[in-house]
>>> print(open('protein.cif').read())   # mmCIF, C-alpha atoms and all ligand atoms
data_upload
#
loop_
_atom_site.group_PDB
_atom_site.id
_atom_site.type_symbol
_atom_site.label_atom_id
_atom_site.label_comp_id
_atom_site.auth_asym_id
_atom_site.auth_seq_id
_atom_site.Cartn_x
_atom_site.Cartn_y
_atom_site.Cartn_z
ATOM 1 C CA MET A 1 269.514 -130.480 60.356
ATOM 2 C CA GLU A 2 269.761 -129.525 64.002
ATOM 3 C CA LYS A 3 266.486 -129.747 65.827
ATOM 4 C CA SER A 4 266.384 -126.201 67.208
ATOM 5 C CA VAL A 5 267.209 -122.990 65.348
ATOM 6 C CA ILE A 6 268.563 -120.452 67.828
ATOM 7 C CA SER A 7 271.414 -118.810 65.919
ATOM 8 C CA LEU A 8 272.981 -118.793 62.458
ATOM 9 C CA ASP A 9 276.101 -119.941 64.331
ATOM 10 C CA GLN A 10 274.603 -123.441 64.185
ATOM 11 C CA PHE A 11 274.794 -123.500 60.387
ATOM 12 C CA ASP A 12 277.585 -123.808 57.854
ATOM 13 C CA ALA A 13 277.775 -123.445 54.065
ATOM 14 C CA LYS A 14 276.701 -127.063 53.513
ATOM 15 C CA SER A 15 273.660 -126.930 55.799
ATOM 16 C CA ILE A 16 272.476 -123.591 54.358
ATOM 17 C CA LEU A 17 272.715 -124.865 50.767
ATOM 18 C CA SER A 18 271.062 -128.136 51.709
ATOM 19 C CA LEU A 19 268.176 -126.200 53.329
ATOM 20 C CA PHE A 20 267.850 -124.147 50.130
ATOM 21 C CA LYS A 21 267.582 -127.358 48.081
ATOM 22 C CA GLU A 22 264.635 -128.330 50.265
ATOM 23 C CA VAL A 23 263.124 -124.850 49.790
ATOM 24 C CA GLY A 24 263.425 -125.299 46.019
ATOM 25 C CA ARG A 25 261.700 -128.698 46.213
ATOM 26 C CA ILE A 26 258.854 -127.263 48.334
ATOM 27 C CA LYS A 27 258.367 -124.352 45.933
ATOM 28 C CA LYS A 28 257.858 -126.822 43.074
ATOM 29 C CA THR A 29 255.595 -129.248 44.958
ATOM 30 C CA PRO A 30 251.815 -128.923 44.512
ATOM 31 C CA PHE A 31 249.990 -127.931 47.740
ATOM 32 C CA LYS A 32 248.045 -131.227 47.874
ATOM 33 C CA LYS A 33 251.277 -133.174 48.228
ATOM 34 C CA LEU A 34 252.463 -130.994 51.119
ATOM 35 C CA GLN A 35 249.393 -130.853 53.298
ATOM 36 C CA ASN A 36 249.937 -134.113 55.212
ATOM 37 C CA ILE A 37 253.643 -133.795 55.898
ATOM 38 C CA LEU A 38 253.097 -132.504 59.459
ATOM 39 C CA LYS A 39 249.687 -134.066 60.007
ATOM 40 C CA ALA A 40 248.860 -134.219 63.762
ATOM 41 C CA LYS A 41 252.054 -132.375 64.722
ATOM 42 C CA VAL A 42 251.449 -129.414 67.023
ATOM 43 C CA VAL A 43 253.371 -126.197 66.500
ATOM 44 C CA GLY A 44 253.198 -123.545 69.233
ATOM 45 C CA LEU A 45 253.687 -119.888 68.341
ATOM 46 C CA LEU A 46 254.605 -117.959 71.485
ATOM 47 C CA PHE A 47 255.190 -114.301 70.641
ATOM 48 C CA PHE A 48 256.184 -112.039 73.533
ATOM 49 C CA GLU A 49 256.874 -109.141 71.161
ATOM 50 C CA PRO A 50 254.764 -107.759 68.276
ATOM 51 C CA SER A 51 255.078 -109.244 64.792
ATOM 52 C CA SER A 52 253.211 -109.197 61.501
ATOM 53 C CA ARG A 53 255.414 -111.137 59.074
ATOM 54 C CA THR A 54 257.277 -113.620 61.253
ATOM 55 C CA PHE A 55 254.154 -114.696 63.110
ATOM 56 C CA SER A 56 251.965 -115.009 60.006
ATOM 57 C CA SER A 57 254.523 -116.718 57.811
ATOM 58 C CA HIS A 58 255.456 -119.320 60.430
ATOM 59 C CA CYS A 59 251.765 -119.904 61.087
ATOM 60 C CA LEU A 60 251.052 -120.293 57.381
ATOM 61 C CA ALA A 61 254.064 -122.557 56.897
ATOM 62 C CA ALA A 62 252.901 -124.884 59.687
ATOM 63 C CA LYS A 63 249.313 -124.956 58.416
ATOM 64 C CA LYS A 64 250.296 -125.524 54.785
ATOM 65 C CA LEU A 65 252.144 -128.639 55.965
ATOM 66 C CA GLY A 66 249.075 -129.826 57.862
ATOM 67 C CA ALA A 67 250.164 -129.041 61.432
ATOM 68 C CA ILE A 68 247.877 -127.932 64.246
ATOM 69 C CA THR A 69 248.896 -124.580 65.741
ATOM 70 C CA ILE A 70 248.585 -123.006 69.191
ATOM 71 C CA GLU A 71 248.878 -119.271 68.655
ATOM 72 C CA PHE A 72 249.772 -116.564 71.153
ATOM 73 C CA GLN A 73 250.369 -113.197 69.472
ATOM 74 C CA ASN A 74 250.435 -111.205 72.708
ATOM 75 C CA MET A 75 252.039 -113.356 75.386
ATOM 76 C CA MET A 76 252.892 -110.284 77.479
ATOM 77 C CA THR A 77 249.214 -109.400 77.893
ATOM 78 C CA THR A 78 247.183 -112.576 77.336
ATOM 79 C CA SER A 79 249.249 -115.411 78.832
ATOM 80 C CA SER A 80 250.090 -116.281 82.438
ATOM 81 C CA THR A 81 253.255 -114.220 81.977
ATOM 82 C CA VAL A 82 250.987 -111.409 83.211
ATOM 83 C CA LYS A 83 250.672 -113.275 86.524
ATOM 84 C CA GLY A 84 254.438 -113.586 86.845
ATOM 85 C CA GLU A 85 255.086 -116.987 85.246
ATOM 86 C CA THR A 86 258.721 -117.269 84.178
ATOM 87 C CA LEU A 87 259.795 -117.942 80.600
ATOM 88 C CA GLU A 88 261.269 -121.266 81.717
ATOM 89 C CA ASP A 89 257.993 -122.402 83.311
ATOM 90 C CA THR A 90 256.009 -121.285 80.262
ATOM 91 C CA ILE A 91 258.231 -123.377 77.988
ATOM 92 C CA LYS A 92 257.917 -126.421 80.293
ATOM 93 C CA VAL A 93 254.118 -126.043 80.146
ATOM 94 C CA PHE A 94 253.971 -125.790 76.353
ATOM 95 C CA ASN A 95 256.320 -128.777 76.046
ATOM 96 C CA ASN A 96 253.263 -130.822 77.057
ATOM 97 C CA TYR A 97 251.163 -129.503 74.189
ATOM 98 C CA CYS A 98 253.603 -128.927 71.317
ATOM 99 C CA ASP A 99 256.031 -130.840 69.104
ATOM 100 C CA LEU A 100 257.889 -127.601 68.375
ATOM 101 C CA ILE A 101 257.812 -124.030 69.702
ATOM 102 C CA ILE A 102 258.402 -120.880 67.654
ATOM 103 C CA MET A 103 259.196 -118.035 70.010
ATOM 104 C CA ARG A 104 259.778 -114.277 69.767
ATOM 105 C CA HIS A 105 260.956 -112.398 72.823
ATOM 106 C CA PRO A 106 262.237 -108.862 73.533
ATOM 107 C CA GLN A 107 265.267 -110.073 75.506
ATOM 108 C CA MET A 108 268.509 -111.080 73.825
ATOM 109 C CA GLY A 109 269.340 -114.658 74.805
ATOM 110 C CA ALA A 110 265.715 -115.589 75.578
ATOM 111 C CA ALA A 111 265.611 -118.218 72.802
ATOM 112 C CA LYS A 112 268.673 -119.921 74.275
ATOM 113 C CA ARG A 113 267.042 -119.836 77.725
ATOM 114 C CA ALA A 114 263.978 -121.519 76.244
ATOM 115 C CA PHE A 115 266.148 -124.084 74.452
ATOM 116 C CA ASP A 116 267.973 -124.914 77.690
ATOM 117 C CA VAL A 117 264.776 -126.092 79.406
ATOM 118 C CA SER A 118 262.773 -127.362 76.434
ATOM 119 C CA SER A 119 262.155 -130.995 75.566
ATOM 120 C CA VAL A 120 260.921 -129.984 72.083
ATOM 121 C CA PRO A 121 262.729 -127.990 69.358
ATOM 122 C CA ILE A 122 262.721 -124.191 69.610
ATOM 123 C CA ILE A 123 262.790 -121.836 66.628
ATOM 124 C CA ASN A 124 264.048 -118.362 67.486
ATOM 125 C CA ALA A 125 261.700 -115.895 65.785
ATOM 126 C CA GLY A 126 263.747 -112.949 67.079
ATOM 127 C CA ASP A 127 265.283 -112.416 70.520
ATOM 128 C CA GLY A 128 265.664 -108.724 71.268
ATOM 129 C CA ALA A 129 268.800 -107.311 69.698
ATOM 130 C CA GLY A 130 270.227 -110.834 69.373
ATOM 131 C CA GLU A 131 269.375 -112.774 66.224
ATOM 132 C CA HIS A 132 266.563 -113.446 63.779
ATOM 133 C CA PRO A 133 267.714 -116.630 62.064
ATOM 134 C CA THR A 134 264.633 -117.449 59.965
ATOM 135 C CA GLN A 135 264.451 -113.904 58.548
ATOM 136 C CA ALA A 136 268.151 -114.157 57.690
ATOM 137 C CA LEU A 137 267.694 -117.532 55.986
ATOM 138 C CA MET A 138 264.816 -116.086 53.964
ATOM 139 C CA ASP A 139 266.933 -113.083 52.937
ATOM 140 C CA LEU A 140 269.909 -115.277 52.104
ATOM 141 C CA TYR A 141 267.599 -117.416 49.978
ATOM 142 C CA THR A 142 266.388 -114.323 48.104
ATOM 143 C CA ILE A 143 270.004 -113.266 47.453
ATOM 144 C CA PHE A 144 270.850 -116.817 46.354
ATOM 145 C CA GLU A 145 267.849 -116.970 44.023
ATOM 146 C CA HIS A 146 268.815 -113.730 42.283
ATOM 147 C CA HIS A 147 272.595 -113.990 42.212
ATOM 148 C CA LYS A 148 272.884 -117.829 42.108
ATOM 149 C CA LYS A 149 275.610 -117.789 44.760
ATOM 150 C CA LEU A 150 276.378 -116.759 48.337
ATOM 151 C CA ASP A 151 280.120 -116.291 47.867
ATOM 152 C CA HIS A 152 282.143 -113.373 46.474
ATOM 153 C CA LEU A 153 279.313 -110.949 47.167
ATOM 154 C CA THR A 154 279.556 -107.262 47.986
ATOM 155 C CA GLY A 155 276.734 -106.065 50.194
ATOM 156 C CA LEU A 156 275.694 -102.967 52.067
ATOM 157 C CA PHE A 157 273.883 -102.868 55.414
ATOM 158 C CA SER A 158 272.469 -99.546 56.486
ATOM 159 C CA GLY A 159 270.673 -98.269 59.573
ATOM 160 C CA ASP A 160 270.774 -100.057 62.894
ATOM 161 C CA ILE A 161 273.708 -102.450 62.854
ATOM 162 C CA LEU A 162 274.034 -102.550 66.660
ATOM 163 C CA TYR A 163 270.534 -103.756 67.539
ATOM 164 C CA GLY A 164 269.552 -105.141 64.101
ATOM 165 C CA ARG A 165 269.097 -108.825 64.857
ATOM 166 C CA THR A 166 268.520 -109.759 61.224
ATOM 167 C CA VAL A 167 271.811 -108.116 60.252
ATOM 168 C CA HIS A 168 273.605 -110.108 62.969
ATOM 169 C CA SER A 169 272.214 -113.367 61.585
ATOM 170 C CA ILE A 170 272.861 -112.539 57.898
ATOM 171 C CA ILE A 171 276.498 -111.613 58.590
ATOM 172 C CA ARG A 172 276.905 -114.940 60.371
ATOM 173 C CA GLY A 173 275.355 -116.762 57.388
ATOM 174 C CA LEU A 174 277.553 -115.009 54.813
ATOM 175 C CA SER A 175 280.652 -115.622 56.925
ATOM 176 C CA TYR A 176 280.594 -119.305 55.908
ATOM 177 C CA PHE A 177 281.113 -118.496 52.225
ATOM 178 C CA PRO A 178 284.408 -117.207 50.761
ATOM 179 C CA GLY A 179 285.074 -113.763 49.350
ATOM 180 C CA ASN A 180 282.211 -111.776 50.875
ATOM 181 C CA THR A 181 282.670 -108.088 51.678
ATOM 182 C CA LEU A 182 280.048 -106.169 53.629
ATOM 183 C CA TYR A 183 279.897 -102.401 54.019
ATOM 184 C CA LEU A 184 278.229 -101.177 57.216
ATOM 185 C CA LEU A 185 276.672 -97.715 57.032
ATOM 186 C CA SER A 186 275.237 -96.495 60.312
ATOM 187 C CA PRO A 187 275.340 -93.654 62.807
ATOM 188 C CA ARG A 188 278.329 -94.077 65.146
ATOM 189 C CA GLN A 189 275.990 -94.954 68.046
ATOM 190 C CA LEU A 190 274.535 -97.883 66.060
ATOM 191 C CA ARG A 191 277.697 -99.586 64.869
ATOM 192 C CA LEU A 192 278.311 -103.298 65.357
ATOM 193 C CA SER A 193 279.198 -104.135 68.972
ATOM 194 C CA THR A 194 282.826 -104.749 69.920
ATOM 195 C CA GLU A 195 281.857 -108.294 70.869
ATOM 196 C CA ASP A 196 280.362 -109.025 67.432
ATOM 197 C CA LYS A 197 283.336 -107.375 65.712
ATOM 198 C CA SER A 198 285.738 -109.688 67.488
ATOM 199 C CA ILE A 199 283.597 -112.727 66.596
ATOM 200 C CA PHE A 200 283.506 -111.782 62.896
ATOM 201 C CA ALA A 201 287.214 -110.856 62.825
ATOM 202 C CA LYS A 202 287.942 -114.578 63.229
ATOM 203 C CA ARG A 203 285.764 -115.521 60.224
ATOM 204 C CA LYS A 204 286.283 -115.325 56.470
ATOM 205 C CA ILE A 205 284.229 -112.180 55.990
ATOM 206 C CA LYS A 206 285.397 -108.626 55.376
ATOM 207 C CA LEU A 207 283.457 -105.908 57.211
ATOM 208 C CA ILE A 208 284.063 -102.269 56.312
ATOM 209 C CA GLU A 209 282.429 -99.498 58.348
ATOM 210 C CA ILE A 210 281.524 -96.391 56.362
ATOM 211 C CA GLU A 211 280.064 -93.077 57.493
ATOM 212 C CA THR A 212 278.463 -91.529 54.420
ATOM 213 C CA GLU A 213 276.450 -92.552 51.377
ATOM 214 C CA LYS A 214 279.354 -91.310 49.218
ATOM 215 C CA GLU A 215 281.421 -94.285 50.356
ATOM 216 C CA ILE A 216 278.912 -96.887 49.081
ATOM 217 C CA PRO A 217 280.792 -98.951 46.482
ATOM 218 C CA ALA A 218 279.484 -99.391 42.935
ATOM 219 C CA ASN A 219 277.593 -102.509 41.889
ATOM 220 C CA CYS A 220 276.780 -104.072 45.251
ATOM 221 C CA HIS A 221 274.921 -107.378 44.970
ATOM 222 C CA PHE A 222 272.494 -106.136 47.598
ATOM 223 C CA TRP A 223 271.641 -103.213 49.818
ATOM 224 C CA TYR A 224 270.004 -104.189 53.081
ATOM 225 C CA TRP A 225 268.334 -101.232 54.752
ATOM 226 C CA THR A 226 267.040 -101.481 58.328
ATOM 227 C CA ARG A 227 264.812 -99.562 60.670
ATOM 228 C CA VAL A 228 266.323 -97.724 63.611
ATOM 229 C CA GLN A 229 264.399 -99.519 66.346
ATOM 230 C CA LYS A 230 262.771 -97.129 68.775
ATOM 231 C CA GLU A 231 261.978 -100.005 71.145
ATOM 232 C CA ARG A 232 265.686 -100.745 71.747
ATOM 233 C CA PHE A 233 266.503 -97.220 73.014
ATOM 234 C CA LYS A 234 266.382 -96.264 76.694
ATOM 235 C CA SER A 235 266.062 -92.569 75.797
ATOM 236 C CA LEU A 236 263.640 -91.191 73.210
ATOM 237 C CA ALA A 237 265.972 -88.240 72.644
ATOM 238 C CA ASP A 238 268.794 -90.614 71.655
ATOM 239 C CA TYR A 239 266.456 -92.339 69.182
ATOM 240 C CA GLU A 240 265.336 -89.018 67.676
ATOM 241 C CA LYS A 241 268.962 -88.020 67.094
ATOM 242 C CA VAL A 242 269.667 -90.970 64.784
ATOM 243 C CA LYS A 243 266.335 -92.253 63.426
ATOM 244 C CA ASN A 244 266.432 -90.566 60.023
ATOM 245 C CA ARG A 245 270.146 -90.360 59.411
ATOM 246 C CA PHE A 246 270.149 -92.756 56.447
ATOM 247 C CA ILE A 247 267.214 -92.896 54.044
ATOM 248 C CA LEU A 248 266.921 -95.086 50.974
ATOM 249 C CA THR A 249 265.730 -92.632 48.335
ATOM 250 C CA GLU A 250 265.065 -92.932 44.634
ATOM 251 C CA LYS A 251 267.866 -90.401 44.139
ATOM 252 C CA LEU A 252 270.377 -92.516 46.070
ATOM 253 C CA VAL A 253 269.362 -95.640 44.137
ATOM 254 C CA LYS A 254 269.894 -93.793 40.832
ATOM 255 C CA ALA A 255 273.249 -92.456 41.970
ATOM 256 C CA LYS A 256 274.749 -95.509 43.631
ATOM 257 C CA ALA A 257 272.937 -98.806 42.959
ATOM 258 C CA GLY A 258 274.022 -101.207 40.234
ATOM 259 C CA LYS A 259 271.723 -102.778 37.638
ATOM 260 C CA LYS A 260 271.498 -105.955 39.693
ATOM 261 C CA THR A 261 271.651 -104.498 43.207
ATOM 262 C CA LEU A 262 268.823 -106.037 45.234
ATOM 263 C CA LEU A 263 267.090 -103.483 47.457
ATOM 264 C CA MET A 264 266.197 -105.289 50.672
ATOM 265 C CA HIS A 265 264.641 -104.493 54.049
ATOM 266 C CA PRO A 266 263.251 -106.893 56.673
ATOM 267 C CA LEU A 267 260.275 -104.541 57.302
ATOM 268 C CA PRO A 268 258.488 -102.850 58.942
ATOM 269 C CA ARG A 269 259.823 -99.562 57.594
ATOM 270 C CA VAL A 270 259.074 -96.306 59.366
ATOM 271 C CA GLY A 271 260.332 -93.690 56.944
ATOM 272 C CA GLU A 272 263.803 -94.969 56.084
ATOM 273 C CA VAL A 273 262.746 -96.241 52.626
ATOM 274 C CA GLU A 274 261.068 -93.791 50.290
ATOM 275 C CA ILE A 275 257.758 -95.177 48.959
ATOM 276 C CA LYS A 276 258.860 -94.391 45.391
ATOM 277 C CA VAL A 277 261.594 -97.018 45.694
ATOM 278 C CA ASP A 278 258.865 -99.715 45.863
ATOM 279 C CA GLU A 279 258.341 -99.339 42.104
ATOM 280 C CA ASP A 280 261.963 -100.167 41.348
ATOM 281 C CA LYS A 281 262.337 -103.686 39.914
ATOM 282 C CA ARG A 282 265.336 -104.252 42.164
ATOM 283 C CA ALA A 283 263.229 -103.743 45.319
ATOM 284 C CA VAL A 284 262.453 -107.170 46.803
ATOM 285 C CA TYR A 285 261.272 -106.302 50.316
ATOM 286 C CA PHE A 286 257.647 -107.075 49.427
ATOM 287 C CA SER A 287 258.056 -109.598 46.591
ATOM 288 C CA GLY A 288 260.587 -111.619 48.631
ATOM 289 C CA LEU A 289 258.133 -112.228 51.492
ATOM 290 C CA LYS A 290 256.779 -115.449 49.942
ATOM 291 C CA ASN A 291 260.250 -116.921 50.322
ATOM 292 C CA GLY A 292 259.751 -116.494 54.068
ATOM 293 C CA VAL A 293 256.901 -118.986 53.984
ATOM 294 C CA TYR A 294 258.853 -121.508 51.862
ATOM 295 C CA VAL A 295 261.998 -121.266 53.999
ATOM 296 C CA ARG A 296 259.958 -121.754 57.173
ATOM 297 C CA MET A 297 258.116 -124.711 55.600
ATOM 298 C CA ALA A 298 261.465 -126.291 54.740
ATOM 299 C CA LEU A 299 262.761 -125.765 58.278
ATOM 300 C CA LEU A 300 259.629 -127.206 59.903
ATOM 301 C CA LYS A 301 259.693 -130.205 57.551
ATOM 302 C CA LEU A 302 263.364 -130.948 58.149
ATOM 303 C CA ILE A 303 263.082 -130.529 61.928
ATOM 304 C CA LEU A 304 259.874 -132.467 62.474
ATOM 305 C CA THR A 305 260.207 -135.301 59.962
ATOM 306 C CA LYS A 306 263.901 -136.275 59.980
HETATM 307 N N1 LIG A 401 260.772 -108.819 59.617
HETATM 308 C C1 LIG A 401 260.086 -109.025 60.742
HETATM 309 O O1 LIG A 401 260.590 -109.655 61.677
HETATM 310 O O2 LIG A 401 258.835 -108.510 60.755
HETATM 311 P P1 LIG A 401 257.765 -108.698 61.933
HETATM 312 O O3 LIG A 401 258.326 -107.975 63.136
HETATM 313 O O4 LIG A 401 256.504 -108.106 61.426
HETATM 314 O O5 LIG A 401 257.649 -110.164 62.214
#
>>> encode(input="protein.cif", output="structure tokens")
Amino acid sequence: MEKSVISLDQFDAKSILSLFKEVGRIKKTPFKKLQNILKAKVVGLLFFEPSSRTFSSHCLAAKKLGAITIEFQNMMTTSSTVKGETLEDTIKVFNNYCDLIIMRHPQMGAAKRAFDVSSVPIINAGDGAGEHPTQALMDLYTIFEHHKKLDHLTGLFSGDILYGRTVHSIIRGLSYFPGNTLYLLSPRQLRLSTEDKSIFAKRKIKLIEIETEKEIPANCHFWYWTRVQKERFKSLADYEKVKNRFILTEKLVKAKAGKKTLLMHPLPRVGEVEIKVDEDKRAVYFSGLKNGVYVRMALLKLILTK
């Protein structure tokens, strides 16, 4: 296990499956036996961008393993960033207090910048439109748990493929396993970047861009819906033009989903998933959240104890 988690590019099939073995072990272990694993270790949570799930689940994961946490939910307003301190200096400061830093930042590449100056491991909890590796590992674990494999899958991603950092990380993760085909349904303006396309073209993964719901293939193993992210747009008018183009409705699920198609979304949703879909047994966007805690526990354990 590498010490920092910046990108899914650091993983391969073996390391993902070995992490999932650890997740399985943690899920089965009684809480009492876990609570001293990170005793006296200090985990810093430095969030420069809002978060509900990623912040809370990392925090819970660290505490369940017995770590001490330093928690900044609003670095942009409550830390010395306000006074003009650079990201690099902030990381060098927290290196003195922490054994590991979990960081979210609005700028793509910020996690790598932190890694470059840090003397302790960095976990990327989302860097702008870059990647969101721990969310992707959690989602891959949920797919693995339900379908018992990560190869020969057919999946659909819908919404914001251009800025969707979780999508970028999941595609990277699935590219290590043979036979995977992913359909990408998004407005033209939110298609995968040319740079990412050329990266994935060299990997064993088939990506097919589609333009309408009609083209969704039958019996996908999963549908992964995403929010069109207002915060990534320079112009509100451009956001308004595309925000509700693709909506996951009960009607669409009835028409196009298979019996075992997992209905996924990293959350938060802002109208692109109909509330009625929540009742569908195939919807795992709420029930799968516990896996986020277990996956993050496994990562923290492997990084800080090996
Ligand atoms: N999925 C996700 O990253 O959610 P938060 O922004 O609430 O952490």
>>> resolve_selection(input="protein.cif", expression="the PyMOL selection byres (((not hetatm)) within 12 of (chain A and resi 401))", output="compact mmCIF listing (two decimals) with C-alpha atoms, in the frame of the given file")
# COMPACT_ATOMS: atom_id res chain seq x y z
CA PHE A 47 255.19 -114.30 70.64
CA PHE A 48 256.18 -112.04 73.53
CA GLU A 49 256.87 -109.14 71.16
CA PRO A 50 254.76 -107.76 68.28
CA SER A 51 255.08 -109.24 64.79
CA SER A 52 253.21 -109.20 61.50
CA ARG A 53 255.41 -111.14 59.07
CA THR A 54 257.28 -113.62 61.25
CA PHE A 55 254.15 -114.70 63.11
CA SER A 56 251.96 -115.01 60.01
CA SER A 57 254.52 -116.72 57.81
CA HIS A 58 255.46 -119.32 60.43
CA CYS A 59 251.76 -119.90 61.09
CA GLN A 73 250.37 -113.20 69.47
CA MET A 103 259.20 -118.04 70.01
CA ARG A 104 259.78 -114.28 69.77
CA HIS A 105 260.96 -112.40 72.82
CA PRO A 106 262.24 -108.86 73.53
CA ASN A 124 264.05 -118.36 67.49
CA ALA A 125 261.70 -115.90 65.78
CA GLY A 126 263.75 -112.95 67.08
CA ASP A 127 265.28 -112.42 70.52
CA GLY A 128 265.66 -108.72 71.27
CA ALA A 129 268.80 -107.31 69.70
CA GLU A 131 269.38 -112.77 66.22
CA HIS A 132 266.56 -113.45 63.78
CA PRO A 133 267.71 -116.63 62.06
CA THR A 134 264.63 -117.45 59.96
CA GLN A 135 264.45 -113.90 58.55
CA ALA A 136 268.15 -114.16 57.69
CA LEU A 137 267.69 -117.53 55.99
CA MET A 138 264.82 -116.09 53.96
CA ASP A 139 266.93 -113.08 52.94
CA GLY A 164 269.55 -105.14 64.10
CA ARG A 165 269.10 -108.82 64.86
CA THR A 166 268.52 -109.76 61.22
CA VAL A 167 271.81 -108.12 60.25
CA TRP A 225 268.33 -101.23 54.75
CA THR A 226 267.04 -101.48 58.33
CA ARG A 227 264.81 -99.56 60.67
CA GLN A 229 264.40 -99.52 66.35
CA GLU A 231 261.98 -100.00 71.14
CA MET A 264 266.20 -105.29 50.67
CA HIS A 265 264.64 -104.49 54.05
CA PRO A 266 263.25 -106.89 56.67
CA LEU A 267 260.27 -104.54 57.30
CA PRO A 268 258.49 -102.85 58.94
CA ARG A 269 259.82 -99.56 57.59
CA TYR A 285 261.27 -106.30 50.32
CA PHE A 286 257.65 -107.08 49.43
CA GLY A 288 260.59 -111.62 48.63
CA LEU A 289 258.13 -112.23 51.49
CA GLY A 292 259.75 -116.49 54.07
>>> residues_near_point(input="protein.cif", point="(264.6, -122.6, 68.3)", cutoff="7 Å", atoms="only C-alpha atoms", output="compact mmCIF listing (two decimals) with C-alpha atoms, keeping the file's coordinate frame")
# COMPACT_ATOMS: atom_id res chain seq x y z
CA SER A 4 266.38 -126.20 67.21
CA VAL A 5 267.21 -122.99 65.35
CA ILE A 6 268.56 -120.45 67.83
CA ILE A 102 258.40 -120.88 67.65
CA ALA A 111 265.61 -118.22 72.80
CA PHE A 115 266.15 -124.08 74.45
CA PRO A 121 262.73 -127.99 69.36
CA ILE A 122 262.72 -124.19 69.61
CA ILE A 123 262.79 -121.84 66.63
CA ASN A 124 264.05 -118.36 67.49
>>> closest_residue(input="protein.cif", among="A:Gly179, A:Gly155, A:Gly66, A:Gly44", to="A:Arg203", atoms="all atoms listed in the file")
A:Gly179
>>> atom_distance(input="protein.cif", atom1="atom CA of A:Val293", atom2="atom CA of A:Phe177")
24.3 Å
>>> residues_around(input="protein.cif", residues="A:Leu8", least_positions_apart="4", cutoff="7 Å", atoms="only C-alpha atoms", output="MDAnalysis selection string")
chainID A and resid 133 169 172:173
>>> resolve_selection(input="protein.cif", expression="the PyMOL selection byres (((chain A and resi 213-223) around 9) and not hetatm)", output="list in words")
Ile143, His147, Leu153, Thr154, Gly155, Leu156, Phe157, Ser158, Tyr183, Leu185, Ile210, Glu211, Thr212, Tyr224, Trp225, Phe246, Leu252, Lys256, Ala257, Gly258, Lys259, Lys260, Thr261, Leu262, Leu263, Met264 and His265 of chain A
>>> residues_around(input="protein.cif", residues="A:Glu250", least_positions_apart="5", cutoff="10 Å", atoms="only C-alpha atoms", output="JSON, numbers by chain")
{"A": [255, 257, 273, 274, 275, 276, 277, 278, 279, 280]}
>>> atom_distance(input="protein.cif", atom1="atom CA of A:Leu19", atom2="atom CA of A:Leu140")
11.1 Å
>>> atom_distance(input="protein.cif", atom1="atom CA of A:Leu45", atom2="atom CA of A:Asn96")
14.0 Å
